[in-house]
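Asker: Below you'll find target-v9.cif; it's mmCIF, C-alpha atoms.
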```cif
data_structure
#
loop_
_atom_site.label_atom_id
_atom_site.label_comp_id
_atom_site.auth_asym_id
_atom_site.auth_seq_id
_atom_site.Cartn_x
_atom_site.Cartn_y
_atom_site.Cartn_z
CA MET M 1 7.03 15.07 32.23
CA ILE M 2 5.01 11.84 31.89
CA LEU M 3 1.87 13.81 30.99
CA ILE M 4 3.72 15.78 28.32
CA ALA M 5 5.12 12.52 26.91
CA LYS M 6 1.64 10.97 26.87
CA TYR M 7 0.09 13.83 24.91
CA THR M 8 3.08 14.00 22.58
CA ILE M 9 2.55 10.32 21.78
CA ILE M 10 -1.16 10.92 21.18
CA LEU M 11 -0.23 13.69 18.72
CA PHE M 12 2.28 11.34 17.11
CA GLY M 13 -0.46 8.74 16.60
CA LEU M 14 -2.81 11.39 15.20
CA PHE M 15 -0.02 12.49 12.86
CA PHE M 16 0.17 8.95 11.43
CA ILE M 17 -3.60 8.93 10.96
CA PHE M 18 -3.51 12.35 9.27
CA ILE M 19 -0.70 11.19 6.97
CA GLY M 20 -2.79 8.11 6.16
CA PHE M 21 -5.63 10.36 4.98
CA LEU M 22 -3.18 12.47 2.98
CA MET M 23 -1.74 9.38 1.29
CA LEU M 24 -5.20 7.99 0.58
CA PHE M 25 -6.93 11.11 -0.72
CA ASN M 26 -4.04 13.21 -2.05
CA PRO M 27 -1.17 10.84 -2.86
CA THR M 28 0.42 13.35 -5.23
CA LYS M 29 0.78 15.84 -2.37
CA ALA M 30 2.24 13.11 -0.14
CA ARG M 31 4.79 12.32 -2.84
CA GLU M 32 5.68 16.01 -3.26
CA THR M 33 6.16 16.29 0.50
CA LEU M 34 8.47 13.27 0.51
CA ARG M 35 10.56 14.93 -2.21
CA LYS M 36 11.13 17.93 0.07
CA ALA M 37 12.89 15.91 2.79
CA GLY M 38 16.40 17.25 3.17
CA SER M 39 15.87 19.83 0.42
CA THR M 40 16.99 22.83 2.50
CA ASN M 41 18.90 23.19 5.75
CA LEU M 42 15.76 24.41 7.52
CA ILE M 43 13.65 21.48 6.33
CA ASN M 44 16.40 18.93 6.91
CA TYR M 45 17.40 19.90 10.43
CA GLY M 46 13.86 20.93 11.41
CA GLU M 47 12.53 17.54 10.34
CA ILE M 48 15.26 15.71 12.25
CA THR M 49 14.77 17.80 15.38
CA ILE M 50 10.99 17.46 15.34
CA ARG M 51 11.38 13.68 14.89
CA MET M 52 13.36 13.57 18.13
CA ILE M 53 10.40 14.89 20.16
CA PRO M 54 8.11 11.84 19.80
CA ALA M 55 11.18 9.58 20.03
CA THR M 56 11.98 11.03 23.44
CA ALA M 57 8.33 10.81 24.49
CA LEU M 58 8.25 7.11 23.57
CA ILE M 59 11.33 6.49 25.69
CA ILE M 60 9.93 8.45 28.66
CA TYR M 61 6.56 6.68 28.49
CA THR M 62 8.00 3.17 27.96
CA ASP M 63 7.17 1.77 31.40
CA LEU M 64 3.55 2.95 31.25
CA SER M 65 2.72 1.74 27.75
CA LYS M 66 0.99 -1.51 26.82
CA PHE M 67 3.92 -2.47 24.58
CA SER M 68 6.87 -1.24 26.61
CA GLU M 69 9.58 -3.09 24.69
CA VAL M 70 8.25 -1.82 21.36
CA PHE M 71 8.11 1.75 22.68
CA LYS M 72 11.66 1.46 24.01
CA VAL M 73 13.11 0.02 20.79
CA LEU M 74 11.16 2.39 18.51
CA GLY M 75 12.00 5.43 20.64
CA TRP M 76 15.71 4.66 20.81
CA PHE M 77 15.80 3.73 17.10
CA MET M 78 14.19 7.04 16.14
CA LEU M 79 16.44 9.01 18.46
CA ILE M 80 19.70 7.35 17.36
CA THR M 81 18.86 7.52 13.65
CA SER M 82 17.94 11.19 14.08
CA LEU M 83 21.30 11.90 15.69
CA VAL M 84 23.05 10.04 12.86
CA LEU M 85 21.10 12.09 10.29
CA TYR M 86 22.54 15.29 11.80
CA PHE M 87 25.93 14.17 10.50
CA VAL M 88 24.84 12.79 7.12
CA PRO M 89 25.33 15.40 4.40
CA ARG M 90 22.00 17.02 3.62
CA HIS M 91 22.23 16.30 -0.10
CA LEU M 92 22.43 12.55 0.59
CA HIS M 93 19.24 12.73 2.65
CA HIS M 94 17.56 14.73 -0.11
CA ASN M 95 18.76 12.34 -2.84
CA PHE M 96 17.41 9.39 -0.84
CA SER M 97 13.99 11.01 -0.44
CA ASN M 98 13.84 11.79 -4.16
CA LYS M 99 14.71 8.20 -5.07
CA ALA M 100 12.03 6.97 -2.67
CA ALA M 101 9.50 9.37 -4.21
CA ASP M 102 10.43 8.12 -7.68
CA LEU M 103 9.88 4.54 -6.56
CA LEU M 104 6.61 5.22 -4.72
CA LYS M 105 4.02 6.11 -7.33
CA PRO M 106 0.84 7.85 -6.08
CA LEU M 107 -1.11 4.58 -6.29
CA TYR M 108 1.42 2.96 -3.91
CA PHE M 109 0.81 5.71 -1.37
CA GLN M 110 -2.89 4.83 -1.49
CA PHE M 111 -2.09 1.15 -0.91
CA ILE M 112 0.05 1.87 2.16
CA ALA M 113 -2.33 4.48 3.66
CA PRO M 114 -4.17 1.84 5.75
CA LEU M 115 -0.84 0.89 7.33
CA SER M 116 -0.46 4.47 8.51
CA PHE M 117 -3.97 4.36 10.03
CA ILE M 118 -3.13 1.12 11.82
CA ILE M 119 0.20 2.42 13.16
CA GLY M 120 -1.47 5.61 14.43
CA ALA M 121 -4.26 3.67 16.11
CA ILE M 122 -1.85 1.24 17.75
CA ILE M 123 0.28 4.11 19.06
CA ILE M 124 -2.76 5.79 20.62
CA PHE M 125 -4.19 2.48 21.91
CA SER M 126 -0.82 1.66 23.52
CA ILE M 127 -1.01 4.54 25.96
CA THR M 128 -4.66 4.51 26.97
#
```
Output the structure of this file as structure tokens.

Answerer:
Amino acid sequence: MILIAKYTIILFGLFFIFIGFLMLFNPTKARETLRKAGSTNLINYGEITIRMIPATALIIYTDLSKFSEVFKVLGWFMLITSLVLYFVPRHLHHNFSNKAADLLKPLYFQFIAPLSFIIGAIIIFSIT
């Protein structure tokens, strides 16, 4: 179980790095993707369920990570907020993502892309 959690966390870090590249080089696509959050039942509940996988991995791997308290808090935060999102009406989730996409212009995605690289690198560094 620990090994599965470790590799799940590595994939989670790589996901952040990939998203950083998407935001940097194709911010319009990143914005379009954000607009899709909660748009259909499949996307909404699939997104929430998939989000619970790295959350659980962070919790499982807490004691072995370099930043155990951060892993514990982040993992539980992601897991609890995911469970809450199961009960929030889908249209509210979708409306929120659309408002966020309206606020975040493509240039803003490019500005925050380095933050995604840093988060991904820290996540991977934390388990090695």

Asker: List the neighbours of M:Ala5 out to 7 Å using only C-alpha atoms; skip same-chain residues closer than 3 positions along the sequence, and give me the result as a list in words.

Answerer: Met1, Ile2, Thr8, Ile9, Ala57, Ile60 and Tyr61 of chain M

Asker: Could you jot down the atom CA of M:Asp102 to atom CA of M:Arg35 separation for me, Å, one decimal place?

Answerer: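 Here the two named atoms are 8.7 Å from each other.
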
Asker: Go ahead and compute the interatomic distance for atom CA of M:Tyr86 and atom CA of M:Ile123, in Å to one decimal.

Answerer: 25.9 Å

Asker: Would you list the contacts of stretch 87-99 of chain M as a short mmCIF file (atom, residue, chain, number, x, y, z; two decimals) with C-alpha atoms, in the frame of the given file, taking every protein, DNA or RNA residue within 9 Å and counting only C-alpha atoms, but skipping same-chain residues closer than 6 positions in sequence?

Answerer:
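Result saved to out22.cif:
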```cif
data_model
loop_
_atom_site.label_atom_id
_atom_site.label_comp_id
_atom_site.auth_asym_id
_atom_site.auth_seq_id
_atom_site.Cartn_x
_atom_site.Cartn_y
_atom_site.Cartn_z
CA LEU M 34 8.47 13.27 0.51
CA ARG M 35 10.56 14.93 -2.21
CA LYS M 36 11.13 17.93 0.07
CA ALA M 37 12.89 15.91 2.79
CA GLY M 38 16.40 17.25 3.17
CA SER M 39 15.87 19.83 0.42
CA THR M 40 16.99 22.83 2.50
CA ASN M 41 18.90 23.19 5.75
CA ASN M 44 16.40 18.93 6.91
CA TYR M 45 17.40 19.90 10.43
#
```

Asker: Which is closer to M:Gly75 than all the others in M:Arg51, M:Lys29, M:Lys6, M:Lys105, using all atoms listed in the file?

Answerer: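 Distance minimum relative to M:Gly75 lands on M:Arg51.
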
Asker: Using only C-alpha atoms, which of the listed residues (M:Leu22, M:Ile59, M:Leu74, M:Val84) sits closest to M:Phe117?

Answerer: M:Leu22

Asker: With all atoms listed in the file as the basis for distance, which of M:Leu107, M:Met52, M:Ile127, M:Ile17 is at the shortest distance from M:Thr81?

Answerer: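 Distance minimum relative to M:Thr81 lands on M:Met52.
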
Asker: Any idea what the distance is between atom CA of M:Lys66 and atom CA of M:Ser126?

Answerer: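 Distance reported for this atom pair: 4.9 Å.
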
Asker: Which is closest to M:Tyr108 among M:Thr33, M:Ser82, M:Ser68, M:Asn26, if we use all atoms listed in the file?

Answerer: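 Closest to M:Tyr108, using all atoms listed in the file: M:Asn26.
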
Asker: For M:Ile122, find every residue with an atom within 12 Å (counting all atoms listed in the file), except residues of its own chain fewer than 2 positions away, and show them as number ranges by chain.

Answerer: M: 9-10, 12-14, 16-17, 65-67, 70-71, 115-120, 124-128
